[in-house]
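Chemist: Contents are compact mmCIF, C-alpha atoms; file name model.txt:
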```
# COMPACT_ATOMS: atom_id res chain seq x y z
CA MET V 1 0.00 0.00 0.00
CA LYS V 2 1.27 3.38 -0.98
CA LEU V 3 0.91 6.15 1.57
CA THR V 4 1.36 9.71 0.39
CA ARG V 5 2.64 12.38 2.73
CA ARG V 6 -0.74 14.16 2.45
CA ASP V 7 -2.68 11.03 3.45
CA PHE V 8 -0.34 10.37 6.36
CA LEU V 9 -0.68 13.92 7.74
CA MET V 10 -4.49 13.96 7.33
CA THR V 11 -4.89 10.59 9.07
CA ALA V 12 -2.57 11.64 11.89
CA LEU V 13 -4.52 14.90 12.36
CA ARG V 14 -7.88 13.11 12.41
CA GLY V 15 -6.55 10.60 14.88
CA THR V 16 -5.23 13.34 17.16
CA ILE V 17 -8.54 15.22 17.11
CA ALA V 18 -10.51 12.03 17.73
CA THR V 19 -8.47 11.16 20.83
CA ALA V 20 -8.45 14.73 22.15
CA LEU V 21 -12.21 15.32 21.92
CA PRO V 22 -14.21 14.13 24.91
CA ILE V 23 -17.50 12.40 24.32
CA GLY V 24 -19.20 15.28 26.14
CA ALA V 25 -18.38 17.62 23.25
CA PHE V 26 -20.90 15.80 21.08
CA LYS V 27 -23.70 16.04 23.61
CA PHE V 28 -26.43 18.54 22.78
CA LEU V 29 -27.87 20.37 25.79
CA LYS V 30 -31.48 21.44 25.93
CA PRO V 31 -31.79 25.20 26.53
CA SER V 32 -33.16 24.47 30.02
CA GLU V 33 -30.16 22.26 30.81
CA ALA V 34 -27.73 24.90 29.60
CA ARG V 35 -29.45 27.57 31.69
CA ALA V 36 -29.43 25.33 34.75
CA ALA V 37 -25.72 24.71 34.28
CA ILE V 38 -25.00 28.45 34.16
CA GLU V 39 -27.42 29.47 36.91
CA GLY V 40 -26.06 26.80 39.24
CA THR V 41 -22.77 28.62 39.22
CA ASN V 42 -24.40 31.98 39.89
CA VAL V 43 -24.93 31.19 43.57
CA ARG V 44 -22.22 31.20 46.22
CA TRP V 45 -23.51 31.26 49.78
CA GLY V 46 -21.66 33.41 52.25
CA PHE V 47 -22.21 34.62 55.79
CA LEU V 48 -21.83 37.99 57.47
CA VAL V 49 -21.54 38.44 61.22
CA ASN V 50 -21.69 41.83 62.89
CA THR V 51 -20.08 41.43 66.31
CA TYR V 52 -21.23 44.89 67.40
CA LYS V 53 -24.85 43.80 67.04
CA CYS V 54 -24.58 40.40 68.74
CA ILE V 55 -26.09 40.49 72.23
CA GLY V 56 -25.22 36.94 73.24
CA CYS V 57 -28.81 35.75 73.66
CA GLY V 58 -27.97 32.37 72.15
CA PHE V 59 -31.28 32.02 70.30
CA CYS V 60 -29.27 31.13 67.20
CA VAL V 61 -27.61 28.17 68.90
CA LYS V 62 -30.92 26.94 70.31
CA ALA V 63 -32.68 27.28 66.95
CA CYS V 64 -29.83 25.55 65.12
CA LYS V 65 -29.83 22.59 67.49
CA LEU V 66 -33.59 22.09 67.26
CA GLU V 67 -33.80 22.73 63.53
CA ASN V 68 -30.98 20.36 62.64
CA GLU V 69 -31.68 17.69 65.27
CA VAL V 70 -28.34 18.10 67.00
CA PRO V 71 -28.59 16.41 70.45
CA TYR V 72 -29.68 19.25 72.70
CA ASN V 73 -28.02 18.43 76.00
CA VAL V 74 -24.69 17.24 74.62
CA GLN V 75 -21.62 19.47 74.37
CA VAL V 76 -21.72 19.51 70.57
CA THR V 77 -23.12 22.23 68.35
CA ARG V 78 -22.96 23.33 64.73
CA THR V 79 -22.87 26.99 65.66
CA TRP V 80 -21.82 28.63 68.88
CA VAL V 81 -21.32 32.06 70.44
CA GLU V 82 -18.10 33.07 72.18
CA ARG V 83 -17.84 35.85 74.75
CA TYR V 84 -14.68 37.94 74.87
CA VAL V 85 -13.98 40.30 77.75
CA ILE V 86 -10.76 42.26 77.43
CA LEU V 87 -9.66 43.98 80.61
CA LYS V 88 -7.92 47.31 80.94
CA ASP V 89 -4.78 45.59 82.27
CA GLY V 90 -4.48 43.73 78.94
CA ARG V 91 -5.72 40.35 80.13
CA PHE V 92 -8.49 38.75 78.16
CA LEU V 93 -11.14 36.28 79.18
CA ALA V 94 -13.27 34.17 76.86
CA ASP V 95 -15.93 31.54 77.38
CA THR V 96 -18.78 29.76 75.65
CA PRO V 97 -20.88 27.82 78.18
CA MET V 98 -22.75 25.03 76.27
CA GLY V 99 -21.82 26.90 73.08
CA GLY V 100 -23.90 29.84 74.32
CA ARG V 101 -27.07 27.76 73.91
CA ASP V 102 -28.80 29.34 76.92
CA GLY V 103 -27.38 32.81 76.37
CA PHE V 104 -24.92 34.66 78.56
CA THR V 105 -26.75 35.26 81.82
CA ASP V 106 -23.87 35.61 84.22
CA SER V 107 -21.38 38.45 84.56
CA LYS V 108 -18.76 35.87 85.63
CA VAL V 109 -16.41 34.88 82.82
CA GLN V 110 -14.40 31.67 83.25
CA GLU V 111 -15.60 31.52 86.90
CA GLU V 112 -14.06 34.94 87.44
CA GLU V 113 -16.07 37.93 88.69
CA VAL V 114 -15.19 40.93 86.56
CA LYS V 115 -15.70 44.46 87.81
CA ASN V 116 -17.51 46.69 85.34
CA GLU V 117 -14.88 49.44 85.50
CA GLU V 118 -12.09 46.96 84.62
CA ILE V 119 -13.60 46.07 81.25
CA ALA V 120 -12.03 47.74 78.21
CA LYS V 121 -13.88 45.76 75.56
CA GLY V 122 -16.59 43.18 75.79
CA PHE V 123 -18.36 41.52 72.91
CA PHE V 124 -19.80 38.31 71.50
CA VAL V 125 -18.61 36.45 68.43
CA PRO V 126 -20.98 33.95 66.82
CA LYS V 127 -19.16 31.21 64.97
CA LEU V 128 -20.15 28.54 62.49
CA CYS V 129 -18.71 26.70 59.53
CA ASN V 130 -16.96 29.19 57.23
CA GLN V 131 -17.80 27.14 54.09
CA CYS V 132 -14.24 27.80 52.91
CA GLU V 133 -13.42 28.13 49.24
CA ASN V 134 -10.50 25.74 49.89
CA PRO V 135 -11.97 23.49 52.59
CA PRO V 136 -9.16 21.49 54.22
CA CYS V 137 -11.73 19.17 55.80
CA VAL V 138 -12.85 18.00 52.37
CA GLN V 139 -9.32 17.40 51.10
CA VAL V 140 -8.50 14.95 53.88
CA CYS V 141 -11.61 12.77 53.57
CA PRO V 142 -10.35 9.32 52.51
CA VAL V 143 -13.69 8.06 51.17
CA GLY V 144 -15.34 11.05 49.46
CA ALA V 145 -18.02 11.39 52.13
CA THR V 146 -17.62 15.14 52.53
CA TYR V 147 -17.71 17.48 49.58
CA GLN V 148 -18.54 20.96 48.40
CA THR V 149 -21.61 21.72 46.33
CA ALA V 150 -21.57 24.04 43.32
CA ASP V 151 -23.00 26.82 45.50
CA GLY V 152 -20.15 26.56 47.99
CA VAL V 153 -21.68 24.61 50.88
CA VAL V 154 -19.63 21.81 52.42
CA LEU V 155 -21.80 18.81 53.27
CA VAL V 156 -21.29 15.37 54.81
CA ASP V 157 -22.81 12.22 53.31
CA ARG V 158 -23.88 10.36 56.45
CA SER V 159 -24.38 7.09 54.61
CA TRP V 160 -20.84 7.21 53.24
CA CYS V 161 -18.88 8.64 56.20
CA ILE V 162 -16.82 6.01 58.02
CA GLY V 163 -16.31 8.21 61.09
CA CYS V 164 -12.51 8.31 60.93
CA GLY V 165 -12.45 11.91 62.23
CA TYR V 166 -9.73 13.24 59.90
CA CYS V 167 -11.95 16.15 58.86
CA ILE V 168 -12.63 17.08 62.48
CA MET V 169 -8.87 17.36 63.01
CA ALA V 170 -8.32 19.20 59.73
CA CYS V 171 -10.77 22.05 60.33
CA PRO V 172 -8.79 25.00 61.74
CA TYR V 173 -11.98 26.52 63.13
CA GLY V 174 -13.20 23.58 65.17
CA ALA V 175 -16.46 23.70 63.27
CA ARG V 176 -16.81 19.94 62.91
CA PHE V 177 -17.66 17.35 65.52
CA PHE V 178 -18.68 13.75 65.85
CA HIS V 179 -22.44 13.19 65.81
CA PRO V 180 -23.23 11.11 68.88
CA VAL V 181 -26.27 9.44 67.26
CA TYR V 182 -25.25 8.85 63.64
CA LYS V 183 -21.58 8.23 64.54
CA THR V 184 -20.48 10.33 61.58
CA ALA V 185 -18.79 13.69 61.10
CA GLU V 186 -21.24 16.55 61.55
CA LYS V 187 -21.09 20.19 60.59
CA CYS V 188 -23.07 23.30 59.76
CA THR V 189 -24.84 22.93 56.40
CA PHE V 190 -25.87 26.61 56.16
CA CYS V 191 -29.33 24.98 56.61
CA TYR V 192 -29.09 23.66 53.06
CA HIS V 193 -32.73 22.53 53.25
CA ARG V 194 -33.77 26.14 53.96
CA ILE V 195 -31.50 28.25 51.75
CA THR V 196 -32.31 26.10 48.70
CA LYS V 197 -36.01 26.83 49.33
CA GLY V 198 -35.49 30.59 49.46
CA MET V 199 -35.52 30.76 53.26
CA LYS V 200 -32.74 31.96 55.51
CA THR V 201 -30.84 29.71 57.90
CA ALA V 202 -32.46 28.94 61.25
CA CYS V 203 -29.80 30.97 63.10
CA VAL V 204 -30.29 34.02 60.87
CA ASP V 205 -34.06 33.85 61.35
CA ALA V 206 -33.71 33.44 65.12
CA CYS V 207 -31.30 36.36 65.53
CA PRO V 208 -33.24 39.33 66.98
CA THR V 209 -30.63 41.98 66.16
CA GLY V 210 -29.55 41.07 62.63
CA ALA V 211 -26.04 40.21 63.79
CA ARG V 212 -26.13 37.18 61.52
CA GLN V 213 -26.88 37.45 57.82
CA ILE V 214 -26.62 35.09 54.88
CA GLY V 215 -26.51 35.89 51.21
CA ASN V 216 -25.43 35.03 47.70
CA LEU V 217 -21.93 36.44 47.27
CA LYS V 218 -22.20 36.26 43.47
CA ASP V 219 -25.14 38.68 43.45
CA PRO V 220 -23.78 42.20 44.06
CA ASN V 221 -27.26 43.49 44.93
CA TYR V 222 -27.59 41.27 47.98
CA PRO V 223 -27.29 43.30 51.23
CA VAL V 224 -24.63 40.91 52.55
CA THR V 225 -22.58 41.15 49.35
CA LYS V 226 -22.82 44.94 49.37
CA VAL V 227 -21.43 45.10 52.90
CA ILE V 228 -18.61 42.66 52.12
CA LEU V 229 -17.68 44.58 48.97
CA ASN V 230 -17.92 48.08 50.42
CA GLN V 231 -17.14 47.89 54.11
CA ARG V 232 -14.22 46.78 56.27
CA VAL V 233 -14.68 43.09 57.00
CA ALA V 234 -12.31 40.38 58.17
CA VAL V 235 -12.24 36.60 58.19
CA LEU V 236 -10.97 34.16 60.79
CA LYS V 237 -7.47 32.67 60.38
CA ASP V 238 -6.86 34.18 56.95
CA GLU V 239 -3.26 32.97 57.10
CA TYR V 240 -4.35 29.33 56.70
CA GLY V 241 -5.26 29.97 53.07
CA THR V 242 -8.65 28.30 53.42
CA LYS V 243 -10.47 31.34 52.02
CA PRO V 244 -13.30 31.28 54.59
CA GLN V 245 -16.61 32.73 53.41
CA ALA V 246 -17.97 33.87 56.76
CA TYR V 247 -17.10 37.54 57.08
CA TYR V 248 -16.98 39.44 60.35
CA ILE V 249 -17.46 43.09 61.20
CA GLY V 250 -15.58 44.21 64.31
CA LEU V 251 -13.15 41.35 64.81
CA ASP V 252 -10.44 41.75 67.43
CA LYS V 253 -6.93 40.29 67.48
CA ASN V 254 -7.88 38.23 70.52
CA VAL V 255 -10.52 36.38 68.51
CA ARG V 256 -9.11 33.19 67.13
CA MET K 257 2.71 -21.99 33.03
CA LYS K 258 3.83 -23.60 36.25
CA ASN K 259 6.13 -21.01 37.64
CA HIS K 260 6.53 -20.46 41.38
CA VAL K 261 7.43 -16.82 40.71
CA LEU K 262 4.39 -15.98 38.61
CA ARG K 263 1.85 -17.88 40.69
CA PRO K 264 1.63 -15.26 43.51
CA LEU K 265 1.23 -12.63 40.79
CA PHE K 266 -1.91 -14.38 39.53
CA VAL K 267 -3.24 -14.43 43.08
CA VAL K 268 -2.64 -10.68 43.39
CA ILE K 269 -4.34 -10.03 40.05
CA ALA K 270 -7.29 -12.16 41.11
CA VAL K 271 -7.63 -10.24 44.39
CA ILE K 272 -7.51 -6.89 42.59
CA ALA K 273 -10.12 -8.10 40.09
CA LEU K 274 -12.32 -9.23 42.95
CA ILE K 275 -12.03 -5.84 44.65
CA LEU K 276 -12.87 -4.05 41.40
CA VAL K 277 -15.94 -6.24 40.86
CA ALA K 278 -17.07 -5.70 44.47
CA ARG K 279 -16.49 -1.96 44.10
CA TYR K 280 -18.57 -1.90 40.93
CA PHE K 281 -21.60 -3.26 42.79
CA TYR K 282 -21.01 -1.41 46.09
CA VAL K 283 -20.37 2.16 44.91
CA PRO K 284 -23.57 3.99 43.87
CA SER K 285 -23.80 4.89 40.20
CA ASP K 286 -24.02 8.64 40.87
CA PHE K 287 -20.77 8.67 42.80
CA GLY K 288 -18.24 10.74 40.93
CA ILE K 289 -16.49 14.05 40.36
CA TYR K 290 -18.81 17.04 40.23
CA GLU K 291 -18.66 20.85 40.00
CA ARG K 292 -15.84 21.47 42.47
CA GLY K 293 -13.48 19.00 40.84
CA PHE K 294 -11.80 15.92 42.24
CA MET K 295 -10.34 17.61 45.32
CA TYR K 296 -13.59 19.17 46.62
CA GLY K 297 -16.38 17.68 44.53
CA TYR K 298 -15.86 13.90 44.68
CA HIS K 299 -19.10 12.61 46.15
CA ARG K 300 -22.44 10.88 45.80
CA LYS K 301 -24.63 13.42 43.96
CA SER K 302 -27.95 12.24 45.42
CA ASN K 303 -26.77 13.20 48.91
CA GLU K 304 -27.32 16.87 47.99
CA GLY K 305 -31.00 16.08 47.45
CA GLU K 306 -31.14 14.24 50.77
CA TRP K 307 -29.91 17.35 52.57
CA LYS K 308 -32.36 19.54 50.65
CA ALA K 309 -35.21 17.26 51.73
CA PHE K 310 -34.44 17.74 55.43
CA LYS K 311 -37.46 18.83 57.47
CA VAL K 312 -37.89 22.57 58.09
CA LYS K 313 -38.94 23.17 61.70
CA TYR K 314 -38.62 26.91 62.28
CA ARG K 315 -41.23 28.49 59.99
CA THR K 316 -40.68 32.17 61.02
CA ARG K 317 -43.36 34.72 61.94
CA GLU K 318 -44.71 34.70 58.38
CA TYR K 319 -46.17 31.28 59.16
CA CYS K 320 -47.85 32.50 62.38
CA LYS K 321 -49.25 35.85 61.33
CA ASP K 322 -52.39 34.79 59.46
CA CYS K 323 -54.05 32.68 62.18
CA HIS K 324 -52.64 34.60 65.17
CA SER K 325 -53.01 38.05 63.64
CA ASP K 326 -53.97 39.68 66.98
CA LYS K 327 -50.82 38.41 68.69
CA TYR K 328 -48.79 39.23 65.62
CA LYS K 329 -50.06 42.82 65.60
CA SER K 330 -49.43 43.32 69.31
CA ILE K 331 -45.86 42.03 69.14
CA MET K 332 -45.09 43.98 65.96
CA ALA K 333 -46.19 47.18 67.70
CA SER K 334 -43.76 46.59 70.56
CA LYS K 335 -40.01 46.70 70.98
CA HIS K 336 -40.03 42.90 71.00
CA ARG K 337 -40.97 42.88 67.28
CA ILE K 338 -37.35 41.91 66.51
CA ILE K 339 -37.85 38.57 68.29
CA GLN K 340 -39.33 35.73 66.26
CA CYS K 341 -42.48 34.07 67.68
CA GLU K 342 -40.73 30.70 67.67
CA ASN K 343 -37.89 31.90 69.90
CA CYS K 344 -40.30 31.79 72.86
CA HIS K 345 -43.07 29.52 71.58
CA GLY K 346 -40.84 26.84 70.10
CA PRO K 347 -40.54 25.61 66.52
CA ALA K 348 -43.89 25.45 64.70
CA ILE K 349 -42.96 22.45 62.53
CA ASP K 350 -46.42 21.55 61.06
CA HIS K 351 -48.55 23.24 63.73
CA PRO K 352 -51.54 22.93 64.14
CA GLU K 353 -51.36 19.32 62.87
CA ASN K 354 -48.05 18.46 64.47
CA PRO K 355 -47.64 19.56 67.20
CA PRO K 356 -51.27 20.57 67.95
CA LYS K 357 -50.13 22.88 70.74
CA LEU K 358 -46.85 24.72 71.19
CA THR K 359 -45.28 25.03 74.62
CA ILE K 360 -44.64 28.62 75.67
CA ASP K 361 -41.36 29.16 77.44
CA LYS K 362 -42.22 31.58 80.27
CA SER K 363 -39.12 30.84 82.30
CA ARG K 364 -36.83 33.44 83.81
CA ALA K 365 -34.00 31.77 81.92
CA LEU K 366 -35.55 32.85 78.63
CA CYS K 367 -35.77 36.54 79.56
CA LYS K 368 -32.33 36.47 81.14
CA ARG K 369 -30.78 35.63 77.77
CA CYS K 370 -31.08 39.29 76.80
CA HIS K 371 -32.06 41.11 79.98
CA THR K 372 -29.23 40.10 82.29
CA TYR K 373 -27.37 43.38 82.29
CA LEU K 374 -23.83 43.02 80.95
CA PRO K 375 -22.03 46.35 80.65
CA TYR K 376 -19.88 45.46 77.65
CA PRO K 377 -18.48 48.39 75.69
CA THR K 378 -18.56 47.82 71.89
CA SER K 379 -21.48 45.40 72.23
CA LYS K 380 -25.14 46.14 71.66
CA ARG K 381 -25.82 44.07 74.78
CA ALA K 382 -24.94 47.05 76.97
CA THR K 383 -27.73 49.12 75.38
CA ILE K 384 -30.50 46.67 76.35
CA LYS K 385 -32.47 47.41 79.49
CA GLY K 386 -31.24 44.79 81.90
CA ILE K 387 -31.35 43.63 85.48
CA ASP K 388 -29.17 41.67 87.85
CA PRO K 389 -31.17 38.43 88.06
CA LYS K 390 -29.77 37.68 91.52
CA LYS K 391 -31.21 40.92 92.94
CA HIS K 392 -34.29 41.63 90.79
CA ASN K 393 -37.13 39.57 92.40
CA PRO K 394 -35.14 36.33 92.16
CA ASP K 395 -38.07 34.04 93.05
CA MET K 396 -40.64 35.43 90.65
CA GLU K 397 -41.52 34.70 87.07
CA CYS K 398 -40.85 37.70 84.84
CA SER K 399 -44.26 37.30 83.20
CA SER K 400 -46.11 37.85 86.49
CA CYS K 401 -45.26 41.59 86.16
CA HIS K 402 -44.15 42.07 82.54
CA ASN K 403 -46.11 41.20 79.42
CA PRO K 404 -43.63 39.98 76.81
CA HIS K 405 -45.97 41.09 74.00
CA LYS K 406 -46.21 44.61 75.49
CA PRO K 407 -42.87 45.07 77.21
CA ASP K 408 -43.21 48.85 77.46
CA MET K 409 -46.28 48.61 79.69
CA GLU K 410 -46.07 47.83 83.37
CA GLY K 411 -48.26 44.87 84.25
CA TRP K 412 -50.79 43.05 82.13
```
Reformat the file's structure so that it appears as structure tokens.
Modeler:
Amino acid sequence: MKLTRRDFLMTALRGTIATALPIGAFKFLKPSEARAAIEGTNVRWGFLVNTYKCIGCGFCVKACKLENEVPYNVQVTRTWVERYVILKDGRFLADTPMGGRDGFTDSKVQEEEVKNEEIAKGFFVPKLCNQCENPPCVQVCPVGATYQTADGVVLVDRSWCIGCGYCIMACPYGARFFHPVYKTAEKCTFCYHRITKGMKTACVDACPTGARQIGNLKDPNYPVTKVILNQRVAVLKDEYGTKPQAYYIGLDKNVR
Amino acid sequence: MKNHVLRPLFVVIAVIALILVARYFYVPSDFGIYERGFMYGYHRKSNEGEWKAFKVKYRTREYCKDCHSDKYKSIMASKHRIIQCENCHGPAIDHPENPPKLTIDKSRALCKRCHTYLPYPTSKRATIKGIDPKKHNPDMECSSCHNPHKPDMEGW
């Protein structure tokens, strides 16, 4: 068989294209499918906490535990509120009794009576999963039981989790814990069952002062997004490179 | 080929084949790499739907206001309008079917969440009217003097 240079080059080119093209390139999308694919990427859930507004009532923690069926009288919680009291002599005290579930009803911090005139700063910091853009908890999962959805929420597949606890160790924020009933890793889901129905999270709804807010960070008209874009906000442990998506107004260097 | 060197190799290949066959039947068909790539998006897709189908329990005041419009109006006219009904009355879930009756939390502990005075500079907490619960009528229920739906008025 005689092979001309032209035939050889054409065959080689066709072969290269055939191997390089994925099967997906030949799939025709319906307009609705194409729109769904684009719109799915137009949502990125983020959180905004205003520590000036938080009054430490703990309604958010209570609502979260009841909404998400987290055992109520066990020392585990998906969201919690920390109290920071910084004294004029430079010392700082911090506590979170039962994650702040029953509010802060005692002027004693860490069993220590603090005189009013000694306090330089005092404030509450609500915390929850930061739904990081680079979640280290997801990277370490050996079985693919925890993952991030297209809209940025990190979830745990309870039927697939083997309960090894790597993710609990990997989270720099201590946002994960071991569920005492399901024996799997457990974390804040941003109330995925609520936000995907157009509701807000249980903690945001329960907050009387608006210290907690949730919004779509890809929509610049969202109140949360406007604040994050235009005001001075900070995130927790920025230096870890996890790109946390819970933003805080009024953070202090003592807050870890 | 009867070779004592190759024989263990066949055993290893057989074991690997067995594992692959078992994996084929055990791993759900929708398990794979999704939007966030292999590092963050390797999961069982149907689990997202399972989380979306979770039961909503806190229905917010929008759920209460039509049937309990009198209570809704009274609370919305007061300073306590910022507090959701369910913070004191408990999650509505499917009320009135389930539960038929909500339990009202009238305890001191509930009011103390906000009204224990804590003089914290830089926190809104310091601006709330508060008491020292150890000194302010420690043995009485708050609601025996204060109406939570009309907190500005003394007595019922």
Chemist: From (-29.6, 40.4, 88.9), in the file's coordinates, out to 10 Å: which residues are reached, counting all atoms listed in the file? Answer as an NGL selection string.
Modeler: (:V and (105-107)) or (:K and (368 or 371-373 or 386-394))
Chemist: Using only C-alpha atoms, which residues of chain V come within 8 Å of chain K, and what is the closest atom pair for each, with the distance in Å to one decimal? Give it as a Markdown table, sorted by chain and residue number.
Modeler:
```
| residue | atom | partner | partner_atom | distance |
| --- | --- | --- | --- | --- |
| V:Thr51 | CA | K:Ser379 | CA | 7.3 |
| V:Tyr52 | CA | K:Ser379 | CA | 4.9 |
| V:Lys53 | CA | K:Lys380 | CA | 5.2 |
| V:Cys54 | CA | K:Lys380 | CA | 6.5 |
| V:Ile55 | CA | K:Arg381 | CA | 4.4 |
| V:Gly56 | CA | K:Cys370 | CA | 7.2 |
| V:Cys57 | CA | K:Arg369 | CA | 4.6 |
| V:Gly58 | CA | K:Arg369 | CA | 7.1 |
| V:Phe59 | CA | K:Asn343 | CA | 6.6 |
| V:Ala63 | CA | K:Asn343 | CA | 7.6 |
| V:Leu66 | CA | K:Lys313 | CA | 7.8 |
| V:Glu67 | CA | K:Lys313 | CA | 5.5 |
| V:Val85 | CA | K:Tyr376 | CA | 7.8 |
| V:Asp102 | CA | K:Arg369 | CA | 6.6 |
| V:Gly103 | CA | K:Arg369 | CA | 4.6 |
| V:Phe104 | CA | K:Arg369 | CA | 6.0 |
| V:Thr105 | CA | K:Thr372 | CA | 5.5 |
| V:Asp106 | CA | K:Thr372 | CA | 7.3 |
| V:Ser107 | CA | K:Leu374 | CA | 6.3 |
| V:Asn116 | CA | K:Pro375 | CA | 6.5 |
| V:Ile119 | CA | K:Tyr376 | CA | 7.3 |
| V:Ala120 | CA | K:Pro377 | CA | 7.0 |
| V:Lys121 | CA | K:Pro377 | CA | 5.3 |
| V:Gly122 | CA | K:Tyr376 | CA | 4.4 |
| V:Phe123 | CA | K:Ser379 | CA | 5.0 |
| V:Phe124 | CA | K:Ser379 | CA | 7.3 |
| V:Asn134 | CA | K:Tyr296 | CA | 8.0 |
| V:Pro135 | CA | K:Tyr296 | CA | 7.5 |
| V:Val138 | CA | K:Tyr296 | CA | 5.9 |
| V:Gln139 | CA | K:Met295 | CA | 5.9 |
| V:Gly144 | CA | K:His299 | CA | 5.2 |
| V:Ala145 | CA | K:His299 | CA | 6.2 |
| V:Thr146 | CA | K:His299 | CA | 7.0 |
| V:Tyr147 | CA | K:Gly297 | CA | 5.2 |
| V:Gln148 | CA | K:Gly297 | CA | 5.5 |
| V:Thr149 | CA | K:Gly297 | CA | 6.8 |
| V:Ala150 | CA | K:Glu291 | CA | 5.4 |
| V:Leu155 | CA | K:Glu304 | CA | 7.9 |
| V:Asp157 | CA | K:Asn303 | CA | 6.0 |
| V:Tyr192 | CA | K:Lys308 | CA | 5.8 |
| V:His193 | CA | K:Lys308 | CA | 4.0 |
| V:Arg194 | CA | K:Val312 | CA | 6.8 |
| V:Thr196 | CA | K:Lys308 | CA | 6.8 |
| V:Ala202 | CA | K:Tyr314 | CA | 6.6 |
| V:Asp205 | CA | K:Thr316 | CA | 6.8 |
| V:Ala206 | CA | K:Gln340 | CA | 6.2 |
| V:Cys207 | CA | K:Ile339 | CA | 7.4 |
| V:Pro208 | CA | K:Ile339 | CA | 4.9 |
| V:Thr209 | CA | K:Ile338 | CA | 6.7 |
```
Chemist: When you draw a straight line from atom CA of Pro126 of chain V to atom CA of Pro97 of chain V, how long is it in Å?
Modeler: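 Pair atom CA of Pro126 of chain V / atom CA of Pro97 of chain V returns 12.9 Å.
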Chemist: Excluding Arg158 of chain V and residues on its chain fewer than 2 positions from it, collect all residues at most 9 Å away from it, counting only C-alpha atoms, and give them as a ChimeraX atom specification.
Modeler: /V:145-146,156,160-162,182-186 /K:303
Chemist: From the set V:Asp89, V:Glu133, V:Asp252, V:Asp7, which residue has the shortest atom-to-atom contact distance to Tyr240 of chain V, counting all atoms listed in the file?
Modeler: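 Nearest to Tyr240 of chain V: V:Glu133.
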Chemist: For the point (-14.6, 42.5, 57.0) in the file's frame, write as number ranges by chain all residues with an atom no more than 10 Å away, counting all atoms listed in the file.
Modeler: V: 48-50, 227-236, 246-251
